[in-house]
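Shown here: protein_23.txt, compact mmCIF, C-alpha atoms.
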```
# COMPACT_ATOMS: atom_id res chain seq x y z
CA MET A 1 54.71 80.22 64.90
CA LYS A 2 57.17 80.31 67.76
CA ALA A 3 56.01 82.56 70.57
CA TYR A 4 58.82 84.73 71.82
CA LYS A 5 58.88 85.63 75.47
CA VAL A 6 61.20 88.52 74.69
CA TYR A 7 60.25 90.68 71.73
CA ALA A 8 62.51 90.75 68.72
CA ILE A 9 64.30 94.02 68.11
CA ASN A 10 64.84 95.73 64.77
CA ASP A 11 68.09 97.48 65.58
CA GLY A 12 70.50 96.89 68.39
CA THR A 13 72.43 94.22 70.24
CA VAL A 14 71.28 90.92 71.70
CA ILE A 15 73.41 89.28 74.36
CA ASP A 16 72.36 85.64 74.53
CA HIS A 17 73.49 82.62 76.56
CA ILE A 18 74.26 84.58 79.68
CA PRO A 19 74.42 82.15 82.65
CA ALA A 20 71.11 82.39 84.52
CA THR A 21 70.70 85.27 86.97
CA ARG A 22 73.73 87.20 85.72
CA ALA A 23 71.87 89.51 83.32
CA LEU A 24 71.66 92.35 85.82
CA LYS A 25 75.37 92.07 86.52
CA VAL A 26 76.06 92.22 82.78
CA ILE A 27 73.98 95.40 82.54
CA ASP A 28 75.92 96.82 85.44
CA ILE A 29 79.35 95.97 83.96
CA LEU A 30 78.41 97.37 80.55
CA SER A 31 76.78 100.46 82.14
CA LEU A 32 73.62 99.93 80.13
CA GLU A 33 71.22 101.36 82.72
CA ASN A 34 70.80 104.64 80.88
CA GLU A 35 71.26 103.43 77.33
CA GLY A 36 67.64 103.51 76.16
CA ILE A 37 65.28 100.56 75.99
CA LEU A 38 66.46 97.26 77.42
CA THR A 39 64.60 93.99 77.44
CA ILE A 40 65.81 91.54 80.01
CA GLY A 41 64.93 87.87 80.19
CA ILE A 42 65.96 85.84 83.19
CA GLY A 43 65.87 82.07 83.66
CA PHE A 44 64.87 81.00 80.15
CA SER A 45 65.28 77.36 79.19
CA SER A 46 68.46 76.65 77.30
CA GLU A 47 69.67 73.42 75.73
CA LYS A 48 73.25 74.47 76.24
CA LEU A 49 73.06 75.94 79.75
CA GLY A 50 69.89 74.50 81.26
CA LYS A 51 68.83 78.02 82.15
CA LYS A 52 70.02 81.26 80.65
CA ASP A 53 69.48 85.00 80.65
CA ILE A 54 69.15 87.23 77.63
CA ILE A 55 69.43 91.00 77.14
CA LYS A 56 68.25 93.03 74.17
CA ILE A 57 69.50 96.57 73.83
CA GLU A 58 67.63 98.69 71.33
CA ASN A 59 69.40 101.07 68.96
CA LYS A 60 72.84 100.44 70.36
CA TYR A 61 75.55 98.37 68.72
CA LEU A 62 78.00 97.17 71.30
CA GLU A 63 81.64 96.98 70.20
CA LYS A 64 83.77 93.92 70.80
CA GLU A 65 85.96 95.74 73.36
CA GLU A 66 82.83 96.49 75.37
CA THR A 67 81.29 93.05 75.34
CA ASP A 68 84.60 91.35 76.15
CA LYS A 69 84.33 93.02 79.54
CA ILE A 70 81.73 90.44 80.59
CA SER A 71 84.02 87.50 79.86
CA LEU A 72 84.56 86.78 83.56
CA ILE A 73 80.88 86.34 84.37
CA ALA A 74 79.49 85.23 81.02
CA PRO A 75 82.33 83.64 79.05
CA GLY A 76 79.97 81.60 76.83
CA ALA A 77 77.66 84.48 75.91
CA THR A 78 76.97 85.24 72.27
CA ILE A 79 76.56 88.70 70.80
CA ASN A 80 74.14 89.32 67.95
CA ILE A 81 74.09 92.65 66.18
CA ILE A 82 70.75 93.34 64.50
CA LYS A 83 70.34 95.99 61.81
CA GLY A 84 67.08 96.59 59.97
CA GLY A 85 65.61 93.41 61.49
CA LYS A 86 68.47 91.28 60.17
CA LEU A 87 71.31 89.60 61.97
CA THR A 88 74.42 91.34 60.60
CA GLU A 89 77.05 90.06 63.02
CA LYS A 90 77.31 87.16 65.43
CA ARG A 91 80.30 86.82 67.72
CA LYS A 92 81.54 85.14 70.86
CA ILE A 93 83.04 86.74 73.92
CA GLU A 94 86.81 86.79 74.05
CA ARG A 95 88.89 87.44 77.11
CA PRO A 96 90.66 90.82 77.00
CA GLU A 97 94.30 91.15 78.07
CA GLU A 98 93.35 93.62 80.77
CA TYR A 99 90.26 94.11 82.92
CA ILE A 100 89.84 97.75 83.87
CA ASN A 101 87.48 98.58 86.73
CA ILE A 102 85.67 95.27 86.47
CA VAL A 103 87.23 93.20 89.22
CA LYS A 104 87.73 94.20 92.83
CA CYS A 105 91.11 93.50 94.37
CA LEU A 106 90.53 91.36 97.45
CA ASN A 107 93.80 92.40 99.10
CA PRO A 108 92.79 94.85 101.85
CA ASN A 109 96.27 96.39 101.70
CA CYS A 110 96.09 97.10 97.96
CA ILE A 111 96.26 100.76 96.91
CA THR A 112 92.99 100.30 94.96
CA GLN A 113 91.25 99.93 98.35
CA HIS A 114 92.81 103.14 99.67
CA ALA A 115 92.88 105.56 96.73
CA ASP A 116 90.17 106.63 94.31
CA ILE A 117 91.53 104.79 91.28
CA GLU A 118 90.32 102.23 88.74
CA THR A 119 91.27 98.62 89.36
CA ARG A 120 93.37 96.96 86.69
CA PHE A 121 93.92 93.24 86.31
CA LYS A 122 96.03 91.47 83.72
CA VAL A 123 95.78 87.84 82.70
CA ALA A 124 98.51 85.96 84.57
CA LYS A 125 97.65 82.43 83.48
CA THR A 126 95.09 80.89 81.18
CA SER A 127 94.77 77.51 82.91
CA PRO A 128 93.37 77.85 85.48
CA PHE A 129 92.32 81.30 84.33
CA THR A 130 94.09 83.65 86.73
CA LEU A 131 94.26 87.43 86.92
CA ARG A 132 96.97 89.53 88.58
CA CYS A 133 96.34 92.94 90.14
CA HIS A 134 98.36 95.57 88.26
CA TYR A 135 99.04 97.37 91.56
CA CYS A 136 99.59 94.91 94.41
CA GLU A 137 100.43 91.98 92.06
CA ARG A 138 98.29 89.49 93.99
CA SER A 139 96.81 86.87 91.72
CA VAL A 140 93.28 85.55 91.85
CA GLU A 141 91.61 82.69 90.00
CA ALA A 142 88.58 83.58 87.85
CA GLY A 143 86.25 81.57 90.10
CA GLU A 144 87.20 83.65 93.12
CA VAL A 145 86.98 87.14 91.64
CA GLU A 146 84.61 89.72 92.96
CA ILE A 147 83.06 91.86 90.25
CA LEU A 148 82.86 95.56 91.08
CA MET B 1 116.34 98.35 76.96
CA LYS B 2 116.11 102.07 77.63
CA PHE B 3 116.51 103.10 81.29
CA LYS B 4 116.49 106.88 81.01
CA GLY B 5 113.27 108.24 82.51
CA ARG B 6 112.06 104.76 83.43
CA SER B 7 110.47 103.94 86.79
CA ILE B 8 111.69 100.91 88.72
CA ILE B 9 108.64 99.40 90.37
CA SER B 10 108.66 95.62 90.23
CA ILE B 11 110.94 92.76 89.38
CA ARG B 12 108.13 91.61 87.10
CA ASP B 13 108.86 94.58 84.80
CA MET B 14 112.39 93.29 84.27
CA ASP B 15 113.84 90.89 81.77
CA LYS B 16 117.21 89.15 81.82
CA ALA B 17 118.87 91.82 79.67
CA SER B 18 117.82 94.66 82.00
CA LEU B 19 119.05 92.77 85.05
CA LEU B 20 122.41 92.16 83.37
CA LYS B 21 122.63 95.84 82.43
CA ILE B 22 122.02 96.81 86.08
CA ILE B 23 124.62 94.30 87.32
CA ASN B 24 127.21 95.50 84.79
CA THR B 25 126.57 99.16 85.62
CA ALA B 26 126.92 98.48 89.37
CA GLU B 27 130.18 96.67 88.63
CA GLU B 28 131.51 99.72 86.77
CA VAL B 29 130.43 102.01 89.60
CA LYS B 30 132.11 99.78 92.18
CA LYS B 31 135.33 99.97 90.15
CA GLY B 32 135.23 103.76 90.35
CA LYS B 33 133.65 104.65 87.01
CA HIS B 34 130.84 107.25 86.67
CA LYS B 35 132.12 109.39 89.57
CA ASN B 36 129.94 112.42 90.38
CA CYS B 37 127.43 111.41 87.74
CA LEU B 38 124.56 112.72 89.89
CA LYS B 39 126.03 116.22 90.18
CA GLY B 40 123.23 118.76 89.83
CA LYS B 41 120.55 116.12 90.38
CA VAL B 42 118.08 116.13 93.28
CA ILE B 43 116.72 112.84 94.56
CA SER B 44 113.71 112.85 96.87
CA THR B 45 113.27 110.05 99.37
CA LEU B 46 109.65 109.75 100.49
CA PHE B 47 109.60 107.18 103.28
CA PHE B 48 106.06 106.76 104.55
CA GLU B 49 107.26 104.03 106.91
CA PRO B 50 110.51 103.25 108.76
CA SER B 51 113.64 101.98 107.06
CA THR B 52 117.31 102.00 107.97
CA ARG B 53 119.35 100.39 105.23
CA THR B 54 117.27 101.37 102.24
CA LYS B 55 116.84 105.03 103.11
CA PHE B 56 120.44 105.58 104.17
CA SER B 57 121.87 103.68 101.26
CA PHE B 58 119.81 105.66 98.72
CA GLU B 59 120.87 108.88 100.38
CA SER B 60 124.55 108.08 100.67
CA ALA B 61 124.54 106.58 97.16
CA THR B 62 123.27 109.93 95.89
CA GLN B 63 125.68 112.04 97.93
CA TYR B 64 128.76 109.96 96.99
CA MET B 65 127.83 110.63 93.35
CA GLY B 66 127.56 114.40 93.87
CA GLY B 67 123.75 114.61 94.04
CA GLU B 68 121.49 116.24 96.61
CA VAL B 69 118.77 114.60 98.68
CA ILE B 70 115.44 115.96 99.93
CA GLY B 71 112.69 113.99 101.61
CA PHE B 72 111.06 112.74 104.76
CA ALA B 73 110.83 109.66 106.93
CA GLY B 74 107.36 109.32 108.38
CA SER B 75 104.70 111.58 106.92
CA GLU B 76 103.60 113.28 110.17
CA TYR B 77 105.16 116.63 109.27
CA THR B 78 103.94 116.67 105.66
CA SER B 79 100.66 117.57 103.93
CA VAL B 80 99.78 113.87 103.99
CA LYS B 81 98.86 114.48 107.60
CA LYS B 82 96.38 117.12 106.36
CA GLY B 83 94.71 114.50 104.21
CA GLU B 84 96.56 115.06 100.94
CA SER B 85 96.27 112.13 98.54
CA LEU B 86 99.35 110.17 97.51
CA ALA B 87 98.80 111.23 93.90
CA ASP B 88 98.79 114.93 94.85
CA THR B 89 101.89 114.56 97.04
CA ILE B 90 103.74 112.89 94.15
CA LYS B 91 102.59 115.44 91.56
CA THR B 92 103.77 118.28 93.81
CA ILE B 93 107.14 116.81 94.71
CA SER B 94 107.74 115.99 91.02
CA GLY B 95 108.48 119.67 90.50
CA TYR B 96 111.28 119.63 93.06
CA CYS B 97 113.43 116.67 92.01
CA ASP B 98 114.80 114.43 89.27
CA VAL B 99 113.94 111.06 90.86
CA ILE B 100 111.40 110.02 93.49
CA VAL B 101 112.30 107.13 95.79
CA ILE B 102 109.24 105.94 97.67
CA ARG B 103 108.60 103.48 100.49
CA HIS B 104 104.97 103.01 101.41
CA PRO B 105 103.10 100.49 103.55
CA ILE B 106 100.31 100.08 100.97
CA GLU B 107 100.90 97.58 98.16
CA GLY B 108 100.81 99.16 94.72
CA ALA B 109 101.49 102.68 96.04
CA ALA B 110 104.74 102.96 94.09
CA ARG B 111 103.05 101.81 90.87
CA LEU B 112 100.34 104.42 91.35
CA ALA B 113 103.00 107.07 92.06
CA SER B 114 104.77 106.23 88.79
CA GLU B 115 101.52 106.67 86.88
CA VAL B 116 100.81 110.22 88.04
CA THR B 117 104.21 111.75 87.27
CA SER B 118 106.73 111.92 84.46
CA VAL B 119 109.60 111.90 86.99
CA PRO B 120 111.05 108.39 87.34
CA VAL B 121 109.94 106.63 90.53
CA ILE B 122 111.92 103.95 92.37
CA ASN B 123 109.96 101.59 94.57
CA ALA B 124 111.89 101.22 97.82
CA GLY B 125 109.32 98.80 99.21
CA ASP B 126 105.51 98.75 98.98
CA GLY B 127 104.12 96.69 101.84
CA ALA B 128 104.61 92.97 101.29
CA ASN B 129 104.77 93.39 97.54
CA GLN B 130 108.02 94.51 95.90
CA HIS B 131 111.42 95.97 96.74
CA PRO B 132 113.25 95.70 93.42
CA THR B 133 116.53 97.40 94.36
CA GLN B 134 116.99 94.82 97.16
CA THR B 135 116.68 92.13 94.51
CA PHE B 136 119.19 93.91 92.28
CA LEU B 137 121.74 94.08 95.08
CA ASP B 138 121.12 90.43 95.99
CA LEU B 139 121.63 89.45 92.39
CA PHE B 140 124.71 91.65 92.08
CA THR B 141 126.20 90.06 95.21
CA ILE B 142 125.63 86.56 93.85
CA ASN B 143 127.01 87.57 90.47
CA GLU B 144 130.22 88.80 92.11
CA LEU B 145 130.83 85.24 93.31
CA VAL B 146 130.07 83.31 90.15
CA SER B 147 130.61 83.72 86.45
CA ASP B 148 127.30 82.30 85.34
CA LEU B 149 124.04 82.74 87.29
CA SER B 150 122.52 79.69 85.60
CA ARG B 151 125.23 77.33 86.83
CA ILE B 152 124.86 77.76 90.58
CA LYS B 153 122.46 76.32 93.10
CA VAL B 154 120.68 78.71 95.45
CA GLY B 155 118.74 77.72 98.56
CA PHE B 156 116.24 79.84 100.46
CA LEU B 157 115.68 79.24 104.17
CA GLY B 158 113.10 80.66 106.56
CA ASP B 159 109.82 82.44 105.97
CA LEU B 160 109.27 81.78 102.30
CA LYS B 161 105.55 82.46 102.39
CA TYR B 162 105.56 86.13 103.28
CA GLY B 163 109.13 87.19 102.49
CA ARG B 164 109.03 89.60 99.55
CA THR B 165 112.82 89.48 99.15
CA VAL B 166 112.65 85.73 98.63
CA HIS B 167 109.81 85.96 96.12
CA SER B 168 111.50 88.66 94.07
CA LEU B 169 114.98 87.10 94.11
CA ALA B 170 113.61 83.67 93.24
CA TYR B 171 111.72 85.25 90.33
CA ALA B 172 114.84 87.12 89.16
CA LEU B 173 116.99 83.97 89.36
CA ALA B 174 114.34 82.06 87.44
CA LEU B 175 114.96 84.48 84.54
CA PHE B 176 118.46 82.91 84.50
CA LYS B 177 117.01 79.40 85.00
CA THR B 178 119.02 78.99 88.22
CA PRO B 179 118.19 75.77 90.13
CA LEU B 180 116.51 76.69 93.42
CA CYS B 181 115.83 74.90 96.72
CA PHE B 182 113.29 76.09 99.26
CA ILE B 183 113.67 75.07 102.90
CA SER B 184 110.91 76.12 105.28
CA PRO B 185 108.38 74.88 107.80
CA LYS B 186 105.17 73.70 106.13
CA LEU B 187 103.33 76.73 107.42
CA LEU B 188 105.74 79.11 105.68
CA ARG B 189 106.16 77.36 102.30
CA MET B 190 106.64 79.28 99.07
CA PRO B 191 103.27 80.22 97.56
CA VAL B 192 102.31 77.43 95.16
CA ASP B 193 101.45 79.72 92.26
CA LEU B 194 104.86 81.40 92.45
CA LEU B 195 106.58 78.03 92.68
CA ASP B 196 104.72 76.91 89.55
CA GLU B 197 105.59 80.13 87.76
CA ILE B 198 109.29 79.77 88.60
CA SER B 199 109.30 76.17 87.36
CA GLU B 200 107.56 77.22 84.16
CA MET B 201 110.25 79.87 83.63
CA GLY B 202 112.84 77.09 83.57
CA SER B 203 114.29 76.86 87.09
CA LYS B 204 114.42 73.41 88.63
CA THR B 205 112.89 73.66 92.11
CA LYS B 206 112.86 71.44 95.19
CA GLU B 207 111.24 71.91 98.56
CA TYR B 208 112.46 70.69 101.94
CA GLU B 209 111.24 71.10 105.49
CA GLU B 210 114.63 70.69 107.19
CA LEU B 211 118.13 71.73 106.25
CA GLU B 212 119.34 68.20 107.10
CA GLU B 213 117.16 66.81 104.32
CA LEU B 214 119.13 68.69 101.65
CA GLU B 215 120.36 66.25 99.03
CA GLU B 216 122.56 68.65 97.12
CA LYS B 217 125.40 71.07 97.80
CA LEU B 218 124.33 74.68 97.59
CA ASP B 219 126.51 77.57 96.44
CA ILE B 220 124.35 80.17 98.20
CA LEU B 221 122.00 79.92 101.15
CA TYR B 222 119.71 82.94 101.41
CA VAL B 223 118.33 83.12 104.96
CA THR B 224 115.31 85.14 106.05
CA ARG B 225 113.77 85.94 109.38
CA ILE B 226 110.90 83.83 110.69
CA GLN B 227 108.43 86.36 111.98
CA LYS B 228 106.80 85.72 115.33
CA GLU B 229 103.57 87.43 114.32
CA ARG B 230 102.89 84.78 111.66
CA PHE B 231 102.31 82.14 114.34
CA GLY B 232 99.14 81.86 116.42
CA ASP B 233 100.87 79.53 118.86
CA LEU B 234 103.99 80.96 120.50
CA GLN B 235 105.31 77.51 121.40
CA GLU B 236 105.05 76.47 117.76
CA TYR B 237 107.03 79.59 116.83
CA GLU B 238 109.77 78.82 119.37
CA ARG B 239 110.06 75.26 118.06
CA VAL B 240 110.17 76.29 114.39
CA ALA B 241 112.47 79.29 114.88
CA GLY B 242 114.96 77.13 116.80
CA CYS B 243 115.15 74.60 113.96
CA TYR B 244 116.08 77.27 111.47
CA ARG B 245 118.95 78.87 113.35
CA LEU B 246 122.27 78.75 111.51
CA THR B 247 125.34 78.08 113.64
CA PRO B 248 128.99 77.69 112.54
CA GLN B 249 128.57 73.93 112.96
CA ILE B 250 125.60 73.81 110.59
CA VAL B 251 127.40 76.05 108.09
CA HIS B 252 130.33 73.55 108.09
CA THR B 253 127.99 70.68 107.28
CA LEU B 254 126.58 72.64 104.34
CA GLY B 255 129.96 72.74 102.63
CA GLU B 256 133.20 74.65 102.75
CA ASN B 257 132.37 77.05 99.93
CA ILE B 258 128.74 77.87 100.67
CA LYS B 259 128.00 81.59 101.04
CA ILE B 260 125.36 82.78 103.47
CA MET B 261 123.22 85.77 102.51
CA HIS B 262 120.51 87.59 104.44
CA PRO B 263 118.54 90.74 103.52
CA LEU B 264 118.84 91.95 107.18
CA PRO B 265 117.70 92.82 109.79
CA ARG B 266 118.79 89.51 111.31
CA VAL B 267 117.34 88.48 114.66
CA ASN B 268 118.13 84.96 115.84
CA GLU B 269 118.21 83.01 112.62
CA ILE B 270 121.99 83.37 112.20
CA ALA B 271 124.20 83.03 115.26
CA PRO B 272 126.56 86.03 115.62
CA ASP B 273 129.63 83.76 115.53
CA VAL B 274 128.79 82.91 111.91
CA ASP B 275 129.59 86.57 111.07
CA THR B 276 133.36 86.02 111.22
CA MET B 277 133.28 82.99 108.93
CA GLU B 278 134.31 83.51 105.30
CA ASN B 279 130.99 82.03 104.32
CA ALA B 280 129.05 85.00 105.74
CA ILE B 281 128.57 87.71 103.14
CA TYR B 282 125.44 89.47 104.42
CA PHE B 283 127.16 92.70 105.43
CA GLU B 284 128.95 92.91 102.07
CA GLN B 285 125.55 92.24 100.53
CA ALA B 286 124.07 95.23 102.41
CA HIS B 287 127.04 97.42 101.38
CA ASN B 288 126.49 96.50 97.75
CA GLY B 289 123.31 98.54 98.03
CA ILE B 290 125.48 101.60 97.36
CA PRO B 291 126.96 100.79 93.92
CA VAL B 292 123.75 99.10 92.82
CA ARG B 293 121.58 102.10 93.74
CA GLN B 294 124.15 104.49 92.28
CA GLY B 295 124.03 102.53 89.04
CA ILE B 296 120.22 102.60 88.96
CA LEU B 297 120.08 106.33 89.71
CA GLY B 298 122.65 106.99 87.00
CA LEU B 299 120.76 104.88 84.48
CA ILE B 300 117.33 106.38 85.07
CA THR B 301 118.57 109.97 85.19
CA GLY B 302 120.40 109.27 81.94
CA THR B 303 123.82 110.23 83.28
CA ILE B 304 124.95 106.64 82.71
CA ALA B 305 124.10 105.25 79.28
```

File written out as structure tokens:
Amino acid sequence: MKAYKVYAINDGTVIDHIPATRALKVIDILSLENEGILTIGIGFSSEKLGKKDIIKIENKYLEKEETDKISLIAPGATINIIKGGKLTEKRKIERPEEYINIVKCLNPNCITQHADIETRFKVAKTSPFTLRCHYCERSVEAGEVEIL
Amino acid sequence: MKFKGRSIISIRDMDKASLLKIINTAEEVKKGKHKNCLKGKVISTLFFEPSTRTKFSFESATQYMGGEVIGFAGSEYTSVKKGESLADTIKTISGYCDVIVIRHPIEGAARLASEVTSVPVINAGDGANQHPTQTFLDLFTINELVSDLSRIKVGFLGDLKYGRTVHSLAYALALFKTPLCFISPKLLRMPVDLLDEISEMGSKTKEYEELEELEEKLDILYVTRIQKERFGDLQEYERVAGCYRLTPQIVHTLGENIKIMHPLPRVNEIAPDVDTMENAIYFEQAHNGIPVRQGILGLITGTIA
């Protein structure tokens, strides 16, 4: 019998294949800190990634719009929805058209750095993946973004 | 495209059809149509930083059309000084006017303003970002000279890295697939991502470091100021700025029919004796700010359909 380092859950959401060490950031982006029981695994061996993180959220089924928010930091993550101990849905992360309050605008003269408002970024280009600030219109490549 | 009630924030919100509508409306206004169409309307001009042409031209555009103007230049005598947020200032002033014209040093301020009010907002410059009505008047001026914006060749000379007027006009012309040349010192080249975007939109682009390298005849040369503060080394600035100074002699070598544009203020980049040449159209360009802004104000207040 395979020994699991992270216990299986009966009901909830499993976010697998998170690039190693980004699990806490994923929790932060999805605001899962106060969402009941979380099991977090960091630095597990992965054939695909070498090392990976995994998060199990009990009794909460994350919607696609929610999990797509982590596409910038965990684009290859997989989402498993478990109900009654069975896998009922398996899906990949897709990039949303707009990132609201996820990315920080690096332009010090952007209004988002001066007023108490949410940041908004739209996809400007898919290759290389580039976002454009809705307010100051500066663009930033995905590799250079700073997550809020 | 519906203009009534719409905010004018960025050239990126525009498509070719809206730009043509603005050009055609400004043409009608310049011919004397739509007189007094702003009668009974109040336009507020909120200038959080200095401006000469833009502020005056919005205000006289409004008054020539029968409208009234309220507003301020510099926020030291307003509640902003007491720490009021931009959003609160906008929400309050929205009750006093039909259109808000805003200039602000912070990029994205006009976009934010448009999101907290149902009164249409016109961006009259937000830091280094956008100044769409300048682009409209540039485009209108070019369109007065030619019958087809896609069949001319436009060159840009000067500070192409930081100049928002260049970025916005190049983007607008790319919607018409106009061939574009960019002439600048290496240090002040067009941003690569914008250059790529413009090419992808269908404009053929070429870059040069010196005017003498130009291989083609231009119809328009759009000149911008090279700003001293962009250079760490003053000697380097002096050398570069000198190379990009237009004189009547240089204008002659560029071709008899070339027209010279400039968003103004001009410092040393165009010699004053170019002003009297038929090629110089930068003061007409500045004056076109009136019919263009009148047209825009008429369209967004709904008094021009």

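Within 6 Å of chain B, chain A contributes the residues Asn109, Cys110, Ile111, Tyr135 and Cys136 of chain A, using all atoms listed in the file.
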
Next on the checklist: With all atoms listed in the file as the counted atoms, please give the residues lying no more than 12 Å from range 37-54 of chain A, apart from itself and same-chain residues fewer than 4 positions off, as number ranges by chain.
Outcome noted: A: 4-9, 11-27, 31-33, 58-60, 74, 76-80

Checklist entry - If you count only C-alpha atoms, which residues fall within 9 Å of Phe121 in chain A, apart from same-chain ones fewer than 6 positions away, as a PyMOL selection string? => result chain A and resi 97-103+105+131-135+137+139

Quick one: axis-aligned box around all listed atoms of range 97-109 of chain A, 4 Å on every side, centre and edge lengths in Å to one decimal, written as JSON.
```
{"center_x": 91.0, "center_y": 94.9, "center_z": 90.0, "size_x": 18.6, "size_y": 15.4, "size_z": 31.8}
```

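Take the candidates B:Leu137, B:Val251, B:Val80, B:Lys55 and check each one against Ile296 in chain B using all atoms listed in the file; the shortest distance goes to B:Leu137.
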
Checklist entry - Which protein, DNA or RNA residues are at most 7 Å from (115.4, 89.4, 94.4) in the file's coordinates when you count all atoms listed in the file, listed as an NGL selection string? => result :B and (132 or 134-136 or 138-139 or 165-172)

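Shortest atom-to-atom contact with Thr62 in chain B among B:Ser150, B:Thr224, B:Thr301, B:Asn268: B:Thr301, counting all atoms listed in the file.
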
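Rounded to one decimal, CA of Glu238 in chain B and CA of Pro191 in chain B lie 22.8 Å from each other.
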
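Minimum distance to Gly143 in chain A across A:Ile73, A:Ile29, A:Ile55, A:Ile82 (counting all atoms listed in the file) occurs at A:Ile73.
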
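Interatomic distance, CA of Glu28 in chain B to CA of Ala305 in chain B: 11.9 Å.
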
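Proximity ranking of B:Glu144, B:Asp233, B:Glu210, B:Glu115 relative to Ile117 in chain A places B:Glu115 first, based on all atoms listed in the file.
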
Checklist entry - So how many Å separate CA of Glu65 in chain A and CA of Asp13 in chain B, to one decimal? => result 25.6 Å

Item to check | Of the listed residues A:Pro108, A:Gly36, A:Asn10, A:Lys56, that which approaches Leu87 in chain A most closely, counting all atoms listed in the file | outcome: A:Asn10
